[in-house]
$ cat my_file.cif   # mmCIF, C-alpha atoms and all ligand atoms
data_run
#
loop_
_atom_site.label_atom_id
_atom_site.label_comp_id
_atom_site.auth_asym_id
_atom_site.auth_seq_id
_atom_site.Cartn_x
_atom_site.Cartn_y
_atom_site.Cartn_z
CA MET A 9 17.28 26.25 -17.82
CA LEU A 10 17.49 29.87 -18.95
CA ILE A 11 14.29 31.61 -19.98
CA HIS A 12 15.57 33.54 -23.01
CA SER A 13 12.15 34.85 -23.93
CA LEU A 14 11.41 36.13 -20.44
CA PRO A 15 10.28 39.59 -21.66
CA ALA A 16 7.69 37.81 -23.84
CA PHE A 17 6.26 35.75 -20.96
CA ARG A 18 2.70 36.87 -20.36
CA ALA A 19 -0.32 36.38 -18.14
CA CYS A 20 -3.85 37.19 -19.36
CA ALA A 21 -6.05 37.22 -16.27
CA TRP A 22 -9.77 37.29 -15.50
CA SER A 23 -11.35 37.41 -12.06
CA THR A 24 -14.31 35.01 -12.06
CA VAL A 25 -15.55 35.36 -8.49
CA SER A 26 -18.90 36.86 -9.33
CA TYR A 27 -19.53 34.69 -12.42
CA ARG A 28 -22.66 32.64 -12.75
CA ALA A 29 -22.63 29.15 -14.23
CA THR A 30 -23.31 30.12 -17.83
CA GLU A 31 -20.83 33.03 -17.73
CA MET A 32 -18.13 30.81 -16.22
CA ALA A 33 -18.53 28.08 -18.85
CA ALA A 34 -18.46 30.65 -21.66
CA ALA A 35 -15.44 32.46 -20.20
CA ARG A 36 -13.47 29.25 -19.81
CA ALA A 37 -14.20 28.15 -23.36
CA MET A 38 -13.24 31.62 -24.67
CA VAL A 39 -9.97 31.75 -22.69
CA GLU A 40 -8.94 28.26 -23.77
CA ALA A 41 -9.76 28.94 -27.42
CA ALA A 42 -7.92 32.29 -27.41
CA HIS A 43 -4.79 30.76 -25.82
CA PRO A 44 -4.29 27.34 -27.45
CA ASP A 45 -0.56 27.16 -26.55
CA ASP A 46 -0.89 28.54 -23.03
CA ALA A 47 -1.27 26.93 -19.64
CA VAL A 48 -4.65 28.00 -18.24
CA VAL A 49 -5.03 28.21 -14.46
CA VAL A 50 -8.62 27.62 -13.35
CA SER A 51 -9.54 28.18 -9.72
CA CYS A 52 -12.60 29.33 -7.80
CA GLN A 53 -11.45 32.91 -8.24
CA ARG A 54 -9.70 33.15 -11.56
CA LEU A 55 -9.04 32.17 -15.14
CA GLU A 56 -5.45 32.98 -16.11
CA ALA A 57 -3.64 32.06 -19.33
CA TYR A 58 0.18 31.92 -19.13
CA GLY A 59 2.29 31.76 -22.28
CA PHE A 60 4.79 33.51 -24.51
CA GLY A 61 4.30 36.19 -27.12
CA PRO A 62 1.88 39.07 -27.60
CA CYS A 63 -1.84 38.51 -27.12
CA ASN A 64 -4.66 40.82 -28.09
CA CYS A 65 -7.43 39.10 -26.14
CA GLN A 66 -9.68 41.28 -23.99
CA ALA A 67 -8.24 40.21 -20.63
CA PRO A 68 -8.92 42.92 -18.03
CA ASP A 69 -5.47 42.27 -16.61
CA GLN A 70 -2.28 41.50 -18.56
CA VAL A 71 1.15 41.16 -16.94
CA HIS A 72 4.47 40.63 -18.73
CA GLY A 73 7.96 39.28 -18.22
CA ARG A 74 9.35 38.81 -14.75
CA ASP A 75 6.18 40.34 -13.25
CA ALA A 76 4.10 37.57 -14.86
CA ILE A 77 6.30 34.98 -13.11
CA VAL A 78 5.86 36.80 -9.80
CA ARG A 79 2.10 36.89 -10.44
CA LEU A 80 2.03 33.13 -11.05
CA ALA A 81 4.11 32.58 -7.91
CA ALA A 82 1.68 34.70 -5.88
CA VAL A 83 -1.32 32.78 -7.23
CA ALA A 84 0.40 29.43 -6.50
CA ALA A 85 1.35 30.47 -2.96
CA GLY A 86 -2.24 31.49 -2.15
CA VAL A 87 -1.26 35.16 -1.78
CA GLU A 88 -4.07 36.13 -4.19
CA SER A 89 -6.68 33.85 -2.58
CA VAL A 90 -9.50 35.10 -0.36
CA VAL A 91 -8.11 32.96 2.45
CA LEU A 92 -4.48 34.08 2.49
CA GLY A 93 -2.13 31.15 2.02
CA GLU A 94 -4.74 28.47 1.23
CA ALA A 95 -2.97 25.45 -0.26
CA GLN A 96 -5.49 24.10 -2.81
CA VAL A 97 -4.56 26.63 -5.47
CA MET A 98 -1.02 25.17 -5.66
CA GLY A 99 -2.55 21.96 -7.01
CA GLN A 100 -4.62 23.94 -9.52
CA VAL A 101 -1.49 25.71 -10.79
CA ARG A 102 0.44 22.44 -11.09
CA LEU A 103 -2.48 20.91 -12.98
CA ALA A 104 -2.48 23.83 -15.44
CA PHE A 105 1.21 23.30 -16.24
CA LYS A 106 1.33 19.51 -16.15
CA ASP A 107 1.92 19.17 -19.91
CA ALA A 108 4.09 22.29 -20.27
CA SER A 109 7.59 21.91 -21.67
CA GLY A 110 10.56 24.07 -22.64
CA GLU A 111 10.51 27.67 -21.51
CA LEU A 112 6.88 27.49 -20.32
CA ARG A 113 7.90 24.65 -17.99
CA ALA A 114 10.98 26.60 -16.87
CA ALA A 115 8.88 29.67 -16.07
CA ALA A 116 6.40 27.55 -14.09
CA ASP A 117 9.26 25.85 -12.22
CA VAL A 118 10.68 29.21 -11.15
CA ALA A 119 7.23 30.41 -10.00
CA VAL A 120 6.23 27.20 -8.20
CA GLY A 121 9.70 26.97 -6.60
CA ALA A 122 9.38 30.55 -5.34
CA ALA A 123 5.85 29.84 -4.04
CA ARG A 124 7.10 26.78 -2.16
CA ARG A 125 9.94 28.78 -0.65
CA LEU A 126 7.50 31.49 0.52
CA ARG A 127 5.21 28.86 2.05
CA SER A 128 8.13 27.22 3.84
CA GLU A 129 9.22 30.51 5.45
CA THR A 130 5.71 31.84 6.22
CA SER A 131 3.21 30.47 8.67
CA PHE A 132 -0.20 31.01 7.15
CA GLY A 133 -2.12 28.76 9.53
CA SER A 134 -5.26 28.92 7.44
CA HIS A 135 -6.99 26.90 4.74
CA SER A 136 -10.12 27.26 2.63
CA GLY A 137 -12.23 26.03 5.54
CA HIS A 138 -11.59 29.40 7.16
CA LEU A 139 -13.85 30.97 4.56
CA LEU A 140 -16.58 29.90 6.98
CA ASP A 141 -14.99 31.95 9.78
CA LYS A 142 -14.76 34.94 7.47
CA ALA A 143 -18.40 34.64 6.36
CA LEU A 144 -19.54 34.41 9.99
CA ARG A 145 -17.51 37.51 10.91
CA MET A 146 -19.24 39.39 8.08
CA SER A 147 -22.67 38.32 9.35
CA THR A 148 -24.53 38.45 12.65
CA VAL A 149 -24.65 34.66 12.99
CA GLU A 150 -22.66 33.12 15.86
CA PRO A 151 -20.89 29.79 15.43
CA GLY A 152 -22.39 26.75 17.10
CA GLY A 153 -25.82 26.26 15.51
CA THR A 154 -26.76 24.01 12.61
CA LEU A 155 -24.80 23.96 9.36
CA LEU A 156 -25.72 22.43 6.00
CA VAL A 157 -22.84 21.96 3.56
CA LEU A 158 -23.77 21.35 -0.08
CA GLY A 159 -21.05 19.35 -1.82
CA ALA A 160 -18.46 16.86 -0.64
CA GLY A 161 -15.48 17.85 -2.78
CA ALA A 162 -12.25 19.30 -1.38
CA MET A 163 -13.91 22.60 -0.43
CA GLY A 164 -17.04 20.95 1.02
CA ASN A 165 -14.92 18.66 3.20
CA LEU A 166 -12.81 21.54 4.54
CA ILE A 167 -15.95 23.59 5.34
CA ALA A 168 -17.66 20.64 7.04
CA ALA A 169 -14.56 19.95 9.15
CA ARG A 170 -14.16 23.62 10.05
CA GLY A 171 -17.88 23.86 10.91
CA ALA A 172 -17.59 20.91 13.28
CA ALA A 173 -14.48 22.47 14.86
CA LEU A 174 -16.45 25.70 15.42
CA GLY A 175 -19.16 23.74 17.24
CA PHE A 176 -21.76 23.48 14.48
CA THR A 177 -23.94 20.41 14.08
CA VAL A 178 -23.03 19.55 10.50
CA THR A 179 -25.13 17.98 7.75
CA VAL A 180 -23.57 17.26 4.34
CA ALA A 181 -25.70 17.06 1.19
CA ALA A 182 -24.02 15.62 -1.89
CA ARG A 183 -24.69 13.31 -4.82
CA ARG A 184 -22.61 10.56 -3.23
CA LYS A 185 -21.83 9.92 0.40
CA PRO A 186 -18.19 10.74 1.11
CA GLY A 187 -16.34 7.60 2.19
CA ASP A 188 -14.86 8.63 5.52
CA SER A 189 -17.32 11.33 6.58
CA THR A 190 -18.49 11.47 10.19
CA HIS A 191 -21.21 14.05 9.45
CA THR A 192 -24.90 13.43 8.88
CA PHE A 193 -25.41 12.78 5.16
CA VAL A 194 -28.37 13.42 2.89
CA GLU A 195 -28.66 12.88 -0.83
CA LEU A 196 -28.49 16.27 -2.59
CA GLY A 197 -31.97 15.88 -4.14
CA HIS A 198 -33.51 15.58 -0.65
CA ALA A 199 -31.93 18.82 0.63
CA PRO A 200 -35.01 21.03 -0.14
CA SER A 201 -37.17 19.07 2.29
CA LEU A 202 -34.78 19.45 5.22
CA PRO A 203 -35.75 21.57 8.28
CA PRO A 204 -34.28 25.11 8.67
CA PHE A 205 -30.57 25.65 9.29
CA ASP A 206 -28.63 28.53 10.80
CA VAL A 207 -26.10 28.46 7.99
CA ILE A 208 -26.04 26.86 4.52
CA VAL A 209 -22.77 26.82 2.58
CA GLY A 210 -22.72 26.00 -1.16
CA CYS A 211 -19.53 24.21 -2.26
CA LEU A 212 -20.82 22.60 -5.44
CA GLY A 213 -18.70 22.37 -8.59
CA SER A 214 -19.33 23.57 -12.10
CA GLY A 215 -21.75 20.78 -13.03
CA ALA A 216 -24.23 21.66 -10.30
CA GLY A 217 -26.17 24.44 -11.98
CA GLU A 218 -27.74 27.32 -10.15
CA ILE A 219 -30.00 26.75 -7.15
CA ALA A 220 -32.92 29.10 -6.45
CA PRO A 221 -33.41 30.00 -2.76
CA ARG A 222 -36.86 28.38 -2.75
CA ALA A 223 -35.20 25.06 -3.55
CA LEU A 224 -33.24 25.28 -0.28
CA PRO A 225 -34.25 24.84 3.34
CA THR A 226 -34.63 28.21 5.05
CA ALA A 227 -31.46 29.61 6.62
CA ARG A 228 -30.33 32.71 8.51
CA LEU A 229 -27.15 32.86 6.43
CA LEU A 230 -26.37 31.59 2.91
CA VAL A 231 -22.68 31.38 2.04
CA ASP A 232 -21.85 30.81 -1.63
CA LEU A 233 -18.42 29.25 -2.15
CA GLY A 234 -19.40 27.55 -5.39
CA THR A 235 -17.49 27.82 -8.63
CA PRO A 236 -19.40 29.24 -10.42
CA ARG A 237 -21.95 30.67 -7.96
CA ASN A 238 -24.29 28.04 -6.53
CA PHE A 239 -27.13 30.29 -5.41
CA ASN A 240 -29.25 32.52 -7.57
CA VAL A 241 -29.56 35.16 -4.86
CA LEU A 242 -28.40 38.74 -4.41
CA SER A 243 -25.69 39.45 -1.84
CA GLY A 244 -26.90 41.06 1.38
CA PRO A 245 -26.78 40.61 5.14
CA GLY A 246 -28.11 37.05 4.82
CA ALA A 247 -26.21 36.03 1.69
CA ILE A 248 -22.45 36.21 1.29
CA ALA A 249 -20.43 35.14 -1.77
CA ILE A 250 -16.68 34.93 -2.41
CA SER A 251 -16.77 38.27 -4.23
CA ASP A 252 -18.15 39.93 -1.06
CA MET A 253 -15.34 38.38 0.97
CA LEU A 254 -12.73 39.65 -1.51
CA GLU A 255 -14.18 43.16 -1.26
CA ASP A 256 -14.15 42.94 2.52
CA GLU A 257 -10.54 41.73 2.46
CA ALA A 258 -9.52 44.63 0.18
CA ARG A 259 -10.98 47.10 2.70
CA ARG A 260 -8.74 45.82 5.51
CA PRO A 261 -5.46 47.78 5.42
CA HIS A 262 -3.48 45.24 7.49
CA ALA A 263 -4.47 42.36 5.22
CA THR A 264 -3.68 44.38 2.10
CA ALA A 265 -0.28 45.42 3.48
CA ARG A 266 0.60 41.85 4.42
CA ARG A 267 -0.26 40.61 0.92
CA GLU A 268 1.88 43.38 -0.55
CA ARG A 269 4.85 42.33 1.66
CA LEU A 270 4.43 38.70 0.58
CA ARG A 271 4.32 39.70 -3.12
CA ARG A 272 7.52 41.72 -2.67
CA ARG A 273 9.21 38.76 -0.99
CA LEU A 274 8.12 36.52 -3.87
CA GLY A 275 9.64 39.06 -6.27
CA GLU A 276 12.98 38.74 -4.46
CA VAL A 277 12.90 34.95 -4.57
CA VAL A 278 11.92 34.92 -8.26
CA ASP A 279 14.80 37.34 -9.09
CA GLU A 280 17.21 35.14 -7.14
CA ARG A 281 16.06 32.06 -9.01
CA LEU A 282 16.21 33.69 -12.43
CA ALA A 283 19.74 34.92 -11.69
CA SER A 284 20.97 31.59 -10.35
CA SER A 285 19.59 29.60 -13.30
CA ALA A 286 21.61 31.93 -15.56
CA THR A 287 24.75 31.45 -13.43
CA ASP A 288 24.30 27.67 -13.32
CA SER A 289 24.14 27.41 -17.10
CA ARG A 290 27.06 29.77 -17.64
CA SER A 291 29.17 27.96 -15.04
CA ALA A 292 28.40 24.55 -16.57
CA ALA A 293 29.45 25.79 -20.01
CA GLY A 294 32.50 27.46 -18.46
CA ALA A 295 33.53 24.30 -16.63
CA PHE A 296 33.20 22.31 -19.84
CA ARG A 297 35.39 24.78 -21.78
CA ALA A 298 37.94 24.87 -18.95
CA HIS A 299 38.15 21.08 -18.95
CA VAL A 300 38.74 21.02 -22.73
CA GLU A 301 41.40 23.76 -22.42
CA VAL A 302 43.35 21.72 -19.82
CA VAL A 303 43.41 18.76 -22.23
CA ARG A 304 44.50 21.03 -25.11
CA GLN A 305 47.41 22.51 -23.12
CA GLU A 306 48.62 19.01 -22.12
CA GLU A 307 48.51 17.83 -25.72
CA LEU A 308 50.18 21.04 -26.96
CA SER A 309 53.21 20.56 -24.74
CA ARG A 310 53.48 16.97 -25.99
CA TYR A 311 53.29 18.03 -29.66
CA ARG A 312 55.92 20.73 -29.14
CA LYS A 313 58.36 18.02 -28.00
CA LEU A 314 57.32 15.56 -30.74
CA HIS A 315 57.43 18.20 -33.55
CA PRO A 316 60.05 20.82 -32.65
CA ASP A 317 60.13 21.77 -36.35
CA VAL A 318 56.50 23.09 -36.27
CA PRO A 319 56.26 26.64 -34.85
CA ALA A 320 54.51 26.62 -31.41
CA GLU A 321 52.08 29.38 -32.42
CA VAL A 322 50.91 27.32 -35.43
CA LEU A 323 50.13 24.33 -33.20
CA ASP A 324 48.33 26.68 -30.83
CA ARG A 325 46.27 28.35 -33.54
CA VAL A 326 45.31 25.10 -35.32
CA THR A 327 44.20 23.28 -32.17
CA GLN A 328 42.33 26.33 -30.92
CA SER A 329 40.42 26.91 -34.13
CA LEU A 330 39.62 23.22 -34.55
CA LEU A 331 38.22 22.97 -31.03
CA GLU A 332 36.36 26.24 -31.39
CA LYS A 333 34.54 24.83 -34.43
CA VAL A 334 33.71 21.58 -32.64
CA LEU A 335 32.65 23.17 -29.35
CA HIS A 336 30.67 26.17 -30.53
CA LEU A 337 27.24 24.51 -30.79
CA PRO A 338 27.51 22.17 -27.78
CA THR A 339 28.54 25.11 -25.58
CA ALA A 340 25.64 27.25 -26.76
CA ARG A 341 23.19 24.38 -26.19
CA LEU A 342 24.65 23.63 -22.77
CA LYS A 343 23.65 27.12 -21.63
CA ASP A 344 20.00 26.24 -22.33
CA ALA A 345 19.98 22.64 -21.14
CA GLU A 346 18.09 21.21 -18.18
CA PRO A 347 20.32 20.61 -15.11
CA ASP A 348 19.97 16.82 -15.40
CA ASP A 349 21.03 16.88 -19.06
CA VAL A 350 23.99 19.13 -18.21
CA ARG A 351 25.16 16.65 -15.58
CA SER A 352 24.89 13.64 -17.92
CA PHE A 353 26.61 15.53 -20.73
CA LEU A 354 29.54 16.60 -18.54
CA ALA A 355 29.85 13.11 -17.08
CA PHE A 356 30.81 11.84 -20.55
CA PHE A 357 33.96 13.97 -20.36
CA ALA A 358 35.09 12.85 -16.93
CA PRO A 359 38.27 10.73 -17.05
CA ALA A 360 37.71 7.19 -15.71
CA GLY A 361 37.42 7.22 -11.92
CA GLU A 362 37.18 11.01 -11.67
CA PRO A 363 34.16 13.22 -11.13
CA ALA A 364 32.57 15.11 -14.02
CA PRO A 365 34.22 18.44 -14.84
CA VAL A 366 31.59 20.45 -13.00
CA ALA A 367 30.66 20.41 -9.33
CA ASP A 368 26.97 20.69 -8.45
CA PRO A 369 26.15 24.23 -7.43
CA PRO A 370 25.23 24.45 -3.74
CA PRO A 371 21.55 23.54 -3.19
CA SER A 372 20.75 27.03 -1.90
CA VAL A 373 21.27 28.60 -5.33
CA ARG A 374 19.60 25.89 -7.43
CA ALA A 375 16.39 26.93 -9.13
ZN ZN B 401 -4.57 36.78 -23.89
#
$ encode --input "my_file.cif" --output "structure tokens" --more "lines below"
Ligand SMILES: [Zn+2]
Amino acid sequence: MLIHSLPAFRACAWSTVSYRATEMAAARAMVEAAHPDDAVVVSCQRLEAYGFGPCNCQAPDQVHGRDAIVRLAAVAAGVESVVLGEAQVMGQVRLAFKDASGELRAAADVAVGAARRLRSETSFGSHSGHLLDKALRMSTVEPGGTLLVLGAGAMGNLIAARGAALGFTVTVAARRKPGDSTHTFVELGHAPSLPPFDVIVGCLGSGAGEIAPRALPTARLLVDLGTPRNFNVLSGPGAIAISDMLEDEARRPHATARRERLRRRLGEVVDERLASSATDSRSAAGAFRAHVEVVRQEELSRYRKLHPDVPAEVLDRVTQSLLEKVLHLPTARLKDAEPDDVRSFLAFFAPAGEPAPVADPPPSVRA
């Protein structure tokens, strides 16, 4: 499907990495209220509203047109995540667009398709669990001691697994015991009475509220991966949050350059997909018109023989103008139709036993 309003496509974006629970809840409510027709992407790092038309909200970052599609593709591919290439954010983007239709759906399809392509041609080899590696590198704590993971959601599970792989003795504290966990489990309310740990990682979701350090066992390193922040504690040598990791990442020239290369590549793929969706629609409409013209020419030559008294140019003009009237709207609509609808529509015109008047474009150019 063609995105006619592409120049009006827009992203309003907030970084939420340093938000505390109350700020995060307020920001989310504000963004959703200010963008009732948009798809809102919510992840541990961002709140981003994607939609069409001008918006005068106070978003610190607004991107438009093709660049907004590239931005969405980069978010979906994990290129904007602290752990480059982490896969969870793809699910968060798909969730945001699950009810989208029309051009909003088409824009999301181009972006998600481009993100998938980038992921298939790039080996990232990392997932959110590697946030633990990054936090350890930023601290003086060596892997291999004791690790307490708060939370047993997707992030908590990845951190617990990564901790075990790094040689930590892992304890998981959550409201409910995860079904297939092999780690020591304690109920979240009992966590404060546990003995000291080398590292404590907070992976609790938005309902958890903020935890004061005195409500935690003592630890050499506190890592806050919560959304919003889990710990009411200032960043420092013994306390690292996602915002600190983002800052650290931004200071590494190689990492920044690699992200820039990946964004450029996504731009190429998005441009390719936008161009091919335009060609597909035009070629479908063209094939339809060509098919009708073949039929008209066959009938014309028959009429000329049947009615030699009628001037040939009159027959030509009458049939042409009649068909032009009939075909004008269907042709225009065909250029905007979804590929599946185009195929079914064209199939109605195929003579019995013959293929529809358009061949599928090669898979490599399909959006
Ligand atoms: Zn806005």
$ closest_atom_pairs --input "my_file.cif" --of "chain A" --to "ligand ZN 401 (chain B)" --cutoff "9 Å" --atoms "all atoms listed in the file" --output "Markdown table"
| residue | atom | partner | partner_atom | distance |
| --- | --- | --- | --- | --- |
| A:Arg18 | CA | B:ZN401 | ZN | 8.1 |
| A:Ala19 | CA | B:ZN401 | ZN | 7.2 |
| A:Cys20 | CA | B:ZN401 | ZN | 4.6 |
| A:Ala21 | CA | B:ZN401 | ZN | 7.8 |
| A:Val39 | CA | B:ZN401 | ZN | 7.5 |
| A:Ala42 | CA | B:ZN401 | ZN | 6.6 |
| A:His43 | CA | B:ZN401 | ZN | 6.3 |
| A:Glu56 | CA | B:ZN401 | ZN | 8.7 |
| A:Ala57 | CA | B:ZN401 | ZN | 6.6 |
| A:Tyr58 | CA | B:ZN401 | ZN | 8.3 |
| A:Gly59 | CA | B:ZN401 | ZN | 8.7 |
| A:Pro62 | CA | B:ZN401 | ZN | 7.8 |
| A:Cys63 | CA | B:ZN401 | ZN | 4.6 |
| A:Asn64 | CA | B:ZN401 | ZN | 5.8 |
| A:Cys65 | CA | B:ZN401 | ZN | 4.3 |
| A:Gln66 | CA | B:ZN401 | ZN | 6.8 |
| A:Ala67 | CA | B:ZN401 | ZN | 6.0 |
| A:Gln70 | CA | B:ZN401 | ZN | 7.5 |
$ axis_aligned_box --input "my_file.cif" --around "range 75-88 of chain A" --padding-each-side "5 Å" --output "AutoDock Vina command-line options"
--center_x 1.1 --center_y 34.9 --center_z -8.3 --size_x 20.4 --size_y 20.9 --size_z 23.1
$ atom_distance --input "my_file.cif" --atom1 "CA of Gly217 in chain A" --atom2 "CA of Ala172 in chain A"
26.9 Å
$ closest_residue --input "my_file.cif" --among "A:Leu166, A:Val303, A:Val194, A:Val25" --to "Ile248 in chain A" --atoms "all atoms listed in the file"
A:Val25
$ closest_residue --input "my_file.cif" --among "A:Asp256, A:Glu321, A:Asp206, A:Asp348" --to "Ala292 in chain A" --atoms "only C-alpha atoms"
A:Asp348
$ atom_distance --input "my_file.cif" --atom1 "CA of Ala360 in chain A" --atom2 "CA of Gln305 in chain A"
19.6 Å
$ build_atoms --input "my_file.cif" --residues "range 76-102 of chain A" --atoms "N, CA and C atoms" --output "compact mmCIF listing (two decimals), in the coordinates of the input"
# COMPACT_ATOMS: atom_id res chain seq x y z
N ALA A 76 5.06 38.66 -14.63
CA ALA A 76 4.10 37.57 -14.86
C ALA A 76 4.53 36.33 -14.07
N ILE A 77 5.83 36.12 -13.93
CA ILE A 77 6.30 34.98 -13.11
C ILE A 77 5.98 35.24 -11.64
N VAL A 78 6.18 36.47 -11.19
CA VAL A 78 5.86 36.80 -9.80
C VAL A 78 4.36 36.63 -9.56
N ARG A 79 3.55 37.03 -10.54
CA ARG A 79 2.10 36.89 -10.44
C ARG A 79 1.72 35.41 -10.28
N LEU A 80 2.32 34.57 -11.13
CA LEU A 80 2.03 33.13 -11.05
C LEU A 80 2.48 32.57 -9.70
N ALA A 81 3.63 33.03 -9.22
CA ALA A 81 4.11 32.58 -7.91
C ALA A 81 3.14 32.98 -6.81
N ALA A 82 2.61 34.21 -6.91
CA ALA A 82 1.68 34.70 -5.88
C ALA A 82 0.38 33.91 -5.90
N VAL A 83 -0.11 33.60 -7.11
CA VAL A 83 -1.32 32.78 -7.23
C VAL A 83 -1.06 31.40 -6.60
N ALA A 84 0.08 30.79 -6.97
CA ALA A 84 0.40 29.43 -6.50
C ALA A 84 0.57 29.38 -4.98
N ALA A 85 1.10 30.46 -4.41
CA ALA A 85 1.35 30.47 -2.96
C ALA A 85 0.09 30.80 -2.16
N GLY A 86 -1.00 31.14 -2.86
CA GLY A 86 -2.24 31.49 -2.15
C GLY A 86 -2.28 32.95 -1.70
N VAL A 87 -1.31 33.75 -2.18
CA VAL A 87 -1.26 35.16 -1.78
C VAL A 87 -2.40 35.96 -2.41
N GLU A 88 -2.96 35.44 -3.54
CA GLU A 88 -4.07 36.13 -4.19
C GLU A 88 -5.42 35.52 -3.82
N SER A 89 -5.42 34.51 -2.94
CA SER A 89 -6.68 33.85 -2.58
C SER A 89 -7.40 34.62 -1.48
N VAL A 90 -8.73 34.42 -1.40
CA VAL A 90 -9.50 35.10 -0.36
C VAL A 90 -8.97 34.71 1.01
N VAL A 91 -8.75 33.39 1.21
CA VAL A 91 -8.11 32.96 2.45
C VAL A 91 -6.62 32.95 2.17
N LEU A 92 -5.91 33.91 2.77
CA LEU A 92 -4.48 34.08 2.49
C LEU A 92 -3.71 32.80 2.79
N GLY A 93 -3.00 32.30 1.79
CA GLY A 93 -2.13 31.15 2.02
C GLY A 93 -2.81 29.80 1.88
N GLU A 94 -4.07 29.77 1.39
CA GLU A 94 -4.74 28.47 1.23
C GLU A 94 -3.94 27.61 0.23
N ALA A 95 -3.92 26.31 0.46
CA ALA A 95 -2.97 25.45 -0.26
C ALA A 95 -3.55 24.82 -1.53
N GLN A 96 -4.89 24.80 -1.67
CA GLN A 96 -5.49 24.10 -2.81
C GLN A 96 -5.05 24.66 -4.15
N VAL A 97 -4.85 25.98 -4.19
CA VAL A 97 -4.56 26.63 -5.47
C VAL A 97 -3.21 26.15 -6.04
N MET A 98 -2.29 25.71 -5.17
CA MET A 98 -1.02 25.17 -5.66
C MET A 98 -1.26 23.98 -6.58
N GLY A 99 -2.21 23.11 -6.19
CA GLY A 99 -2.55 21.96 -7.01
C GLY A 99 -3.17 22.40 -8.34
N GLN A 100 -3.98 23.45 -8.29
CA GLN A 100 -4.62 23.94 -9.52
C GLN A 100 -3.59 24.52 -10.48
N VAL A 101 -2.56 25.17 -9.94
CA VAL A 101 -1.49 25.71 -10.79
C VAL A 101 -0.68 24.56 -11.40
N ARG A 102 -0.35 23.56 -10.58
CA ARG A 102 0.44 22.44 -11.09
C ARG A 102 -0.32 21.69 -12.19
